[in-house]
file coords_19.cif (mmCIF, C-alpha atoms)
data_work
loop_
_atom_site.label_atom_id
_atom_site.label_comp_id
_atom_site.auth_asym_id
_atom_site.auth_seq_id
_atom_site.Cartn_x
_atom_site.Cartn_y
_atom_site.Cartn_z
CA SER H 1 65.00 53.67 197.70
CA SER H 2 63.49 55.64 200.50
CA GLY H 3 60.22 53.85 201.25
CA ILE H 4 57.23 55.30 202.98
CA ASN H 5 58.72 54.46 206.37
CA ALA H 6 61.55 56.96 205.83
CA GLU H 7 59.13 59.84 205.45
CA TRP H 8 56.44 58.50 207.74
CA PRO H 9 57.78 57.24 211.07
CA LEU H 10 54.30 56.48 212.45
CA ARG H 11 53.87 52.79 213.24
CA PRO H 12 50.44 51.15 212.74
CA GLY H 13 50.25 50.50 216.49
CA ASP H 14 50.33 54.24 217.10
CA MET H 15 47.51 55.00 214.67
CA ASP H 16 43.95 55.48 215.80
CA LEU H 17 42.19 52.49 214.27
CA LEU H 18 39.00 52.86 216.30
CA VAL H 19 36.53 53.60 213.54
CA GLN H 20 32.81 53.72 214.15
CA THR H 21 31.47 50.30 213.22
CA SER H 22 29.31 47.56 214.65
CA ASP H 23 30.40 45.00 212.04
CA GLY H 24 31.90 42.00 213.84
CA ALA H 25 34.40 41.15 211.09
CA GLU H 26 35.71 44.75 211.02
CA ILE H 27 36.01 44.85 214.81
CA GLU H 28 37.88 41.56 214.82
CA LEU H 29 40.23 42.87 212.12
CA ILE H 30 40.88 46.04 214.14
CA GLY H 31 41.57 44.03 217.30
CA ASN H 32 43.93 41.68 215.50
CA THR H 33 45.72 44.57 213.78
CA LEU H 34 46.26 46.29 217.12
CA LEU H 35 47.77 43.07 218.44
CA GLN H 36 49.95 42.59 215.38
CA TYR H 37 51.42 46.08 215.86
CA PRO H 38 51.25 46.54 219.63
CA SER H 39 51.45 50.06 220.94
CA THR H 40 53.64 50.91 223.88
CA SER H 41 50.62 52.70 225.34
CA ILE H 42 48.12 50.54 227.20
CA SER H 43 45.41 53.07 226.41
CA VAL H 44 45.28 51.92 222.76
CA ILE H 45 44.26 48.35 223.57
CA ILE H 46 42.13 49.41 226.54
CA ASN H 47 40.27 51.83 224.27
CA PHE H 48 39.66 48.98 221.80
CA ILE H 49 38.10 46.83 224.50
CA SER H 50 36.04 49.65 226.01
CA TYR H 51 34.89 51.19 222.73
CA TYR H 52 33.77 48.05 220.94
CA SER H 53 32.37 46.25 223.99
CA SER H 54 29.36 48.55 223.74
CA VAL H 55 28.52 47.44 220.18
CA ALA H 56 29.89 43.90 219.87
CA PRO H 57 30.90 42.51 223.28
CA ASP H 58 30.97 38.92 221.98
CA VAL H 59 33.48 39.81 219.24
CA VAL H 60 35.70 41.68 221.70
CA TRP H 61 35.59 38.68 224.02
CA HIS H 62 36.69 36.33 221.22
CA VAL H 63 39.59 38.62 220.23
CA TYR H 64 40.62 38.83 223.90
CA ARG H 65 40.24 35.08 224.52
CA ASP H 66 42.20 34.12 221.39
CA ASN H 67 45.01 36.53 222.31
CA TYR H 68 44.79 36.21 226.08
CA GLN H 69 48.51 35.57 226.58
CA VAL H 70 49.49 38.76 224.73
CA TYR H 71 46.98 40.88 226.62
CA ASN H 72 47.89 39.46 230.00
CA ASP H 73 51.66 39.56 229.47
CA LYS H 74 51.72 43.04 227.98
CA TYR H 75 48.97 44.81 229.90
CA GLY H 76 48.27 42.62 232.95
CA LEU H 77 50.29 44.80 235.31
CA ALA H 78 48.47 48.05 234.50
CA GLN H 79 46.11 47.35 237.34
CA PHE H 80 43.29 49.88 237.13
CA GLU H 81 43.16 50.22 233.36
CA TYR H 82 43.27 46.47 232.74
CA ALA H 83 40.71 45.68 235.43
CA ASN H 84 38.38 48.38 234.13
CA ALA H 85 38.67 47.17 230.52
CA LEU H 86 37.95 43.56 231.52
CA LYS H 87 34.99 44.66 233.63
CA THR H 88 33.59 46.68 230.71
CA MET H 89 34.02 43.81 228.25
CA ILE H 90 32.40 41.25 230.56
CA LYS H 91 29.54 43.29 232.02
CA ARG H 92 28.22 44.06 228.53
CA GLN H 93 27.82 40.39 227.62
CA ARG H 94 24.17 39.42 227.19
CA ASN H 95 24.46 35.81 226.07
CA SER H 96 24.33 33.45 229.04
CA GLN H 97 26.51 30.86 227.24
CA THR H 98 29.21 33.49 226.71
CA ILE H 99 29.01 34.55 230.35
CA THR H 100 29.45 30.91 231.43
CA GLU H 101 32.35 30.53 228.98
CA ILE H 102 34.07 33.64 230.39
CA GLU H 103 33.60 32.40 233.96
CA GLY H 104 35.11 29.03 233.07
CA PHE H 105 37.97 30.64 231.16
CA PHE H 106 39.05 32.73 234.13
CA LYS H 107 38.96 29.71 236.43
CA ASP H 108 41.81 28.30 234.33
CA HIS H 109 43.54 31.58 233.36
CA THR H 110 44.71 34.32 235.68
CA ALA H 111 43.65 37.87 234.94
CA GLY H 112 46.58 39.22 236.95
CA ALA H 113 45.87 42.75 238.08
CA GLY H 114 42.55 42.59 236.22
CA TYR H 115 41.10 39.99 238.61
CA LEU H 116 38.67 42.38 240.32
CA GLY H 117 37.47 43.64 236.95
CA VAL H 118 36.66 40.08 235.92
CA GLN H 119 34.76 39.43 239.15
CA ASN H 120 32.81 42.71 239.00
CA GLY H 121 32.04 42.25 235.30
CA LEU H 122 30.74 38.72 235.85
CA GLU H 123 28.53 39.88 238.73
CA GLU H 124 26.96 42.61 236.59
CA ALA H 125 26.54 40.38 233.53
CA LYS H 126 24.89 37.64 235.61
CA PHE H 127 22.59 40.14 237.31
CA VAL H 128 21.40 41.59 234.01
CA SER H 129 20.96 38.12 232.52
CA LYS H 130 18.96 36.95 235.54
CA PHE H 131 16.84 40.12 235.49
CA LYS H 132 16.05 39.61 231.81
CA GLN H 133 15.02 35.98 232.42
CA GLU H 134 12.93 36.57 235.52
CA SER H 135 11.58 40.10 235.35
CA GLU H 136 11.27 41.00 231.68
CA PRO H 137 8.28 38.71 230.91
CA GLU H 138 6.48 39.97 234.01
CA LEU H 139 7.24 43.58 233.15
CA LYS H 140 6.03 43.03 229.59
CA ARG H 141 2.74 41.53 230.84
CA TYR H 142 2.27 44.46 233.22
CA LEU H 143 2.90 47.06 230.53
CA GLU H 144 0.63 45.29 228.05
CA GLY H 145 -2.13 45.46 230.65
CA GLN H 146 -1.78 49.22 231.06
CA ARG H 147 -4.24 51.45 229.26
CA PHE H 148 -1.53 53.62 227.64
CA CYS H 149 0.04 50.54 225.99
CA GLN H 150 -3.17 49.24 224.42
CA ASP H 151 -4.29 49.95 220.89
CA GLU H 152 -7.51 51.91 220.75
#
call {"tool": "encode", "arguments": {"input": "coords_19.cif", "output": "structure tokens"}}
result
Amino acid sequence: SSGINAEWPLRPGDMDLLVQTSDGAEIELIGNTLLQYPSTSISVIINFISYYSSVAPDVVWHVYRDNYQVYNDKYGLAQFEYANALKTMIKRQRNSQTITEIEGFFKDHTAGAGYLGVQNGLEEAKFVSKFKQESEPELKRYLEGQRFCQDE
């Protein structure tokens, strides 16, 4: 019998699976599917990291962490793309525990050509986290004291 593969030579790894969602379980499924059927193009996995880091950075981190060896072995030499994807994933983290976990992870695991992306991403994530801790309460108090923010 001539199955679907005979008429349809497209492999799942070549399909565009990046659907618009913020659901963590769906994003994890997409990430794992992309890893199960790896594309020869680095842009597919880089797009996954970049696209979903804006809506669910913690989920993207967990998919990356759990499949670190595959990512690093397959894409670790694509210097600029890999570094940029890692930077994007890390800089969007807002949970200080996750940021600490990422920092510890990369002390024990090399990021290869993505090293600078990891460093830059951690710097940005830490800066935003520190700003939120130190400046947000003060900013909130200031704005609440302004006439235009008060209920009449």
call {"tool": "atom_distance", "arguments": {"input": "coords_19.cif", "atom1": "CA of Leu86 in chain H", "atom2": "CA of Ala113 in chain H"}}
result
10.3 Å
call {"tool": "residues_around", "arguments": {"input": "coords_19.cif", "residues": "Gln69 in chain H", "least_positions_apart": "5", "cutoff": "10 Å", "atoms": "all atoms listed in the file", "output": "list of chain:residue names"}}
result
H:Tyr64, H:Lys74, H:Tyr75, H:Gly76, H:His109, H:Thr110, H:Ala111
call {"tool": "closest_residue", "arguments": {"input": "coords_19.cif", "among": "H:Leu35, H:Phe48, H:Lys132, H:Glu138", "to": "Val19 in chain H", "atoms": "all atoms listed in the file"}}
result
H:Phe48
call {"tool": "resolve_selection", "arguments": {"input": "coords_19.cif", "expression": "the PyMOL selection byres ((chain H and resi 60) around 12)", "output": "mmCIF file with C-alpha atoms, in the frame of the given file"}}
result
data_model
loop_
_atom_site.group_PDB
_atom_site.id
_atom_site.type_symbol
_atom_site.label_atom_id
_atom_site.label_comp_id
_atom_site.auth_asym_id
_atom_site.auth_seq_id
_atom_site.Cartn_x
_atom_site.Cartn_y
_atom_site.Cartn_z
ATOM 1 C CA SER H 22 29.310 47.560 214.650
ATOM 2 C CA ASP H 23 30.400 45.000 212.040
ATOM 3 C CA GLY H 24 31.900 42.000 213.840
ATOM 4 C CA ALA H 25 34.400 41.150 211.090
ATOM 5 C CA GLU H 26 35.710 44.750 211.020
ATOM 6 C CA ILE H 27 36.010 44.850 214.810
ATOM 7 C CA GLU H 28 37.880 41.560 214.820
ATOM 8 C CA LEU H 29 40.230 42.870 212.120
ATOM 9 C CA ILE H 30 40.880 46.040 214.140
ATOM 10 C CA GLY H 31 41.570 44.030 217.300
ATOM 11 C CA ASN H 32 43.930 41.680 215.500
ATOM 12 C CA ILE H 45 44.260 48.350 223.570
ATOM 13 C CA ILE H 46 42.130 49.410 226.540
ATOM 14 C CA ASN H 47 40.270 51.830 224.270
ATOM 15 C CA PHE H 48 39.660 48.980 221.800
ATOM 16 C CA ILE H 49 38.100 46.830 224.500
ATOM 17 C CA SER H 50 36.040 49.650 226.010
ATOM 18 C CA TYR H 51 34.890 51.190 222.730
ATOM 19 C CA TYR H 52 33.770 48.050 220.940
ATOM 20 C CA SER H 53 32.370 46.250 223.990
ATOM 21 C CA SER H 54 29.360 48.550 223.740
ATOM 22 C CA VAL H 55 28.520 47.440 220.180
ATOM 23 C CA ALA H 56 29.890 43.900 219.870
ATOM 24 C CA PRO H 57 30.900 42.510 223.280
ATOM 25 C CA ASP H 58 30.970 38.920 221.980
ATOM 26 C CA VAL H 59 33.480 39.810 219.240
ATOM 27 C CA TRP H 61 35.590 38.680 224.020
ATOM 28 C CA HIS H 62 36.690 36.330 221.220
ATOM 29 C CA VAL H 63 39.590 38.620 220.230
ATOM 30 C CA TYR H 64 40.620 38.830 223.900
ATOM 31 C CA ARG H 65 40.240 35.080 224.520
ATOM 32 C CA ASP H 66 42.200 34.120 221.390
ATOM 33 C CA ASN H 67 45.010 36.530 222.310
ATOM 34 C CA TYR H 68 44.790 36.210 226.080
ATOM 35 C CA ALA H 85 38.670 47.170 230.520
ATOM 36 C CA LEU H 86 37.950 43.560 231.520
ATOM 37 C CA THR H 88 33.590 46.680 230.710
ATOM 38 C CA MET H 89 34.020 43.810 228.250
ATOM 39 C CA ILE H 90 32.400 41.250 230.560
ATOM 40 C CA ARG H 92 28.220 44.060 228.530
ATOM 41 C CA GLN H 93 27.820 40.390 227.620
ATOM 42 C CA THR H 98 29.210 33.490 226.710
ATOM 43 C CA ILE H 102 34.070 33.640 230.390
#
call {"tool": "atom_distance", "arguments": {"input": "coords_19.cif", "atom1": "CA of Asn95 in chain H", "atom2": "CA of Tyr71 in chain H"}}
result
23.1 Å
call {"tool": "atom_distance", "arguments": {"input": "coords_19.cif", "atom1": "CA of Val70 in chain H", "atom2": "CA of Pro38 in chain H"}}
result
9.5 Å
call {"tool": "resolve_selection", "arguments": {"input": "coords_19.cif", "expression": "the PyMOL selection byres ((chain H and resi 123) around 12)", "output": "PDB file with C-alpha atoms, in the coordinates of the input"}}
result
ATOM      1  CA  LYS H  87      34.990  44.660 233.630  1.00  0.00           C
ATOM      2  CA  THR H  88      33.590  46.680 230.710  1.00  0.00           C
ATOM      3  CA  ILE H  90      32.400  41.250 230.560  1.00  0.00           C
ATOM      4  CA  LYS H  91      29.540  43.290 232.020  1.00  0.00           C
ATOM      5  CA  ARG H  92      28.220  44.060 228.530  1.00  0.00           C
ATOM      6  CA  GLN H  93      27.820  40.390 227.620  1.00  0.00           C
ATOM      7  CA  ILE H  99      29.010  34.550 230.350  1.00  0.00           C
ATOM      8  CA  THR H 100      29.450  30.910 231.430  1.00  0.00           C
ATOM      9  CA  ILE H 102      34.070  33.640 230.390  1.00  0.00           C
ATOM     10  CA  GLU H 103      33.600  32.400 233.960  1.00  0.00           C
ATOM     11  CA  LEU H 116      38.670  42.380 240.320  1.00  0.00           C
ATOM     12  CA  GLY H 117      37.470  43.640 236.950  1.00  0.00           C
ATOM     13  CA  VAL H 118      36.660  40.080 235.920  1.00  0.00           C
ATOM     14  CA  GLN H 119      34.760  39.430 239.150  1.00  0.00           C
ATOM     15  CA  ASN H 120      32.810  42.710 239.000  1.00  0.00           C
ATOM     16  CA  GLY H 121      32.040  42.250 235.300  1.00  0.00           C
ATOM     17  CA  LEU H 122      30.740  38.720 235.850  1.00  0.00           C
ATOM     18  CA  GLU H 124      26.960  42.610 236.590  1.00  0.00           C
ATOM     19  CA  ALA H 125      26.540  40.380 233.530  1.00  0.00           C
ATOM     20  CA  LYS H 126      24.890  37.640 235.610  1.00  0.00           C
ATOM     21  CA  PHE H 127      22.590  40.140 237.310  1.00  0.00           C
ATOM     22  CA  VAL H 128      21.400  41.590 234.010  1.00  0.00           C
ATOM     23  CA  SER H 129      20.960  38.120 232.520  1.00  0.00           C
ATOM     24  CA  LYS H 130      18.960  36.950 235.540  1.00  0.00           C
TER      25      LYS H 130
END
call {"tool": "closest_residue", "arguments": {"input": "coords_19.cif", "among": "H:Tyr82, H:Pro137, H:Gly145, H:Phe131", "to": "Tyr115 in chain H", "atoms": "only C-alpha atoms"}}
result
H:Tyr82
call {"tool": "build_atoms", "arguments": {"input": "coords_19.cif", "residues": "range 59-85 of chain H", "atoms": "N, CA, C and O atoms", "output": "PDB file, in the frame of the given file"}}
result
ATOM      1  N   VAL H  59      32.313  39.772 220.123  1.00  0.00           N
ATOM      2  CA  VAL H  59      33.480  39.810 219.240  1.00  0.00           C
ATOM      3  C   VAL H  59      34.723  40.224 220.032  1.00  0.00           C
ATOM      4  O   VAL H  59      35.793  39.622 219.888  1.00  0.00           O
ATOM      5  N   VAL H  60      34.576  41.229 220.876  1.00  0.00           N
ATOM      6  CA  VAL H  60      35.700  41.680 221.700  1.00  0.00           C
ATOM      7  C   VAL H  60      36.171  40.548 222.603  1.00  0.00           C
ATOM      8  O   VAL H  60      37.375  40.315 222.765  1.00  0.00           O
ATOM      9  N   TRP H  61      35.233  39.816 223.178  1.00  0.00           N
ATOM     10  CA  TRP H  61      35.590  38.680 224.020  1.00  0.00           C
ATOM     11  C   TRP H  61      36.400  37.658 223.235  1.00  0.00           C
ATOM     12  O   TRP H  61      37.409  37.163 223.700  1.00  0.00           O
ATOM     13  N   HIS H  62      35.970  37.342 222.013  1.00  0.00           N
ATOM     14  CA  HIS H  62      36.690  36.330 221.220  1.00  0.00           C
ATOM     15  C   HIS H  62      38.093  36.799 220.856  1.00  0.00           C
ATOM     16  O   HIS H  62      39.033  36.009 220.898  1.00  0.00           O
ATOM     17  N   VAL H  63      38.242  38.092 220.527  1.00  0.00           N
ATOM     18  CA  VAL H  63      39.590  38.620 220.230  1.00  0.00           C
ATOM     19  C   VAL H  63      40.448  38.527 221.491  1.00  0.00           C
ATOM     20  O   VAL H  63      41.596  38.091 221.444  1.00  0.00           O
ATOM     21  N   TYR H  64      39.873  38.911 222.636  1.00  0.00           N
ATOM     22  CA  TYR H  64      40.620  38.830 223.900  1.00  0.00           C
ATOM     23  C   TYR H  64      40.993  37.390 224.212  1.00  0.00           C
ATOM     24  O   TYR H  64      42.149  37.091 224.510  1.00  0.00           O
ATOM     25  N   ARG H  65      40.006  36.487 224.171  1.00  0.00           N
ATOM     26  CA  ARG H  65      40.240  35.080 224.520  1.00  0.00           C
ATOM     27  C   ARG H  65      41.326  34.468 223.630  1.00  0.00           C
ATOM     28  O   ARG H  65      42.221  33.786 224.111  1.00  0.00           O
ATOM     29  N   ASP H  66      41.242  34.711 222.326  1.00  0.00           N
ATOM     30  CA  ASP H  66      42.200  34.120 221.390  1.00  0.00           C
ATOM     31  C   ASP H  66      43.605  34.693 221.545  1.00  0.00           C
ATOM     32  O   ASP H  66      44.573  34.077 221.112  1.00  0.00           O
ATOM     33  N   ASN H  67      43.706  35.867 222.144  1.00  0.00           N
ATOM     34  CA  ASN H  67      45.010  36.530 222.310  1.00  0.00           C
ATOM     35  C   ASN H  67      45.298  36.812 223.772  1.00  0.00           C
ATOM     36  O   ASN H  67      46.043  37.725 224.113  1.00  0.00           O
ATOM     37  N   TYR H  68      44.693  36.009 224.635  1.00  0.00           N
ATOM     38  CA  TYR H  68      44.790  36.210 226.080  1.00  0.00           C
ATOM     39  C   TYR H  68      46.231  36.394 226.553  1.00  0.00           C
ATOM     40  O   TYR H  68      46.521  37.299 227.330  1.00  0.00           O
ATOM     41  N   GLN H  69      47.131  35.538 226.086  1.00  0.00           N
ATOM     42  CA  GLN H  69      48.510  35.570 226.580  1.00  0.00           C
ATOM     43  C   GLN H  69      49.161  36.925 226.292  1.00  0.00           C
ATOM     44  O   GLN H  69      49.841  37.483 227.142  1.00  0.00           O
ATOM     45  N   VAL H  70      48.922  37.459 225.098  1.00  0.00           N
ATOM     46  CA  VAL H  70      49.490  38.760 224.730  1.00  0.00           C
ATOM     47  C   VAL H  70      48.932  39.851 225.628  1.00  0.00           C
ATOM     48  O   VAL H  70      49.668  40.665 226.191  1.00  0.00           O
ATOM     49  N   TYR H  71      47.612  39.867 225.778  1.00  0.00           N
ATOM     50  CA  TYR H  71      46.980  40.880 226.620  1.00  0.00           C
ATOM     51  C   TYR H  71      47.516  40.814 228.051  1.00  0.00           C
ATOM     52  O   TYR H  71      47.878  41.817 228.645  1.00  0.00           O
ATOM     53  N   ASN H  72      47.509  39.614 228.596  1.00  0.00           N
ATOM     54  CA  ASN H  72      47.890  39.460 230.000  1.00  0.00           C
ATOM     55  C   ASN H  72      49.359  39.785 230.223  1.00  0.00           C
ATOM     56  O   ASN H  72      49.711  40.452 231.191  1.00  0.00           O
ATOM     57  N   ASP H  73      50.223  39.300 229.321  1.00  0.00           N
ATOM     58  CA  ASP H  73      51.660  39.560 229.470  1.00  0.00           C
ATOM     59  C   ASP H  73      51.988  41.037 229.295  1.00  0.00           C
ATOM     60  O   ASP H  73      52.783  41.606 230.030  1.00  0.00           O
ATOM     61  N   LYS H  74      51.354  41.655 228.319  1.00  0.00           N
ATOM     62  CA  LYS H  74      51.720  43.040 227.980  1.00  0.00           C
ATOM     63  C   LYS H  74      51.017  44.069 228.868  1.00  0.00           C
ATOM     64  O   LYS H  74      51.584  45.091 229.198  1.00  0.00           O
ATOM     65  N   TYR H  75      49.759  43.790 229.205  1.00  0.00           N
ATOM     66  CA  TYR H  75      48.970  44.810 229.900  1.00  0.00           C
ATOM     67  C   TYR H  75      48.507  44.395 231.299  1.00  0.00           C
ATOM     68  O   TYR H  75      47.882  45.169 232.005  1.00  0.00           O
ATOM     69  N   GLY H  76      48.783  43.158 231.695  1.00  0.00           N
ATOM     70  CA  GLY H  76      48.270  42.620 232.950  1.00  0.00           C
ATOM     71  C   GLY H  76      48.742  43.321 234.209  1.00  0.00           C
ATOM     72  O   GLY H  76      48.149  43.163 235.260  1.00  0.00           O
ATOM     73  N   LEU H  77      49.802  44.110 234.118  1.00  0.00           N
ATOM     74  CA  LEU H  77      50.290  44.800 235.310  1.00  0.00           C
ATOM     75  C   LEU H  77      49.731  46.216 235.461  1.00  0.00           C
ATOM     76  O   LEU H  77      49.911  46.845 236.484  1.00  0.00           O
ATOM     77  N   ALA H  78      49.069  46.706 234.437  1.00  0.00           N
ATOM     78  CA  ALA H  78      48.470  48.050 234.500  1.00  0.00           C
ATOM     79  C   ALA H  78      47.130  47.918 235.216  1.00  0.00           C
ATOM     80  O   ALA H  78      46.073  47.894 234.604  1.00  0.00           O
ATOM     81  N   GLN H  79      47.212  47.826 236.517  1.00  0.00           N
ATOM     82  CA  GLN H  79      46.110  47.350 237.340  1.00  0.00           C
ATOM     83  C   GLN H  79      44.750  47.973 237.037  1.00  0.00           C
ATOM     84  O   GLN H  79      43.816  47.288 236.663  1.00  0.00           O
ATOM     85  N   PHE H  80      44.616  49.271 237.211  1.00  0.00           N
ATOM     86  CA  PHE H  80      43.290  49.880 237.130  1.00  0.00           C
ATOM     87  C   PHE H  80      42.757  49.871 235.706  1.00  0.00           C
ATOM     88  O   PHE H  80      41.587  49.575 235.476  1.00  0.00           O
ATOM     89  N   GLU H  81      43.613  50.176 234.743  1.00  0.00           N
ATOM     90  CA  GLU H  81      43.160  50.220 233.360  1.00  0.00           C
ATOM     91  C   GLU H  81      42.746  48.838 232.873  1.00  0.00           C
ATOM     92  O   GLU H  81      41.714  48.663 232.244  1.00  0.00           O
ATOM     93  N   TYR H  82      43.553  47.837 233.180  1.00  0.00           N
ATOM     94  CA  TYR H  82      43.270  46.470 232.740  1.00  0.00           C
ATOM     95  C   TYR H  82      42.003  45.945 233.404  1.00  0.00           C
ATOM     96  O   TYR H  82      41.128  45.376 232.747  1.00  0.00           O
ATOM     97  N   ALA H  83      41.896  46.136 234.691  1.00  0.00           N
ATOM     98  CA  ALA H  83      40.710  45.680 235.430  1.00  0.00           C
ATOM     99  C   ALA H  83      39.453  46.347 234.894  1.00  0.00           C
ATOM    100  O   ALA H  83      38.421  45.703 234.698  1.00  0.00           O
ATOM    101  N   ASN H  84      39.532  47.644 234.624  1.00  0.00           N
ATOM    102  CA  ASN H  84      38.380  48.380 234.130  1.00  0.00           C
ATOM    103  C   ASN H  84      37.977  47.902 232.734  1.00  0.00           C
ATOM    104  O   ASN H  84      36.788  47.758 232.432  1.00  0.00           O
ATOM    105  N   ALA H  85      38.966  47.642 231.881  1.00  0.00           N
ATOM    106  CA  ALA H  85      38.670  47.170 230.520  1.00  0.00           C
ATOM    107  C   ALA H  85      38.017  45.785 230.569  1.00  0.00           C
ATOM    108  O   ALA H  85      37.037  45.524 229.854  1.00  0.00           O
TER     109      ALA H  85
END
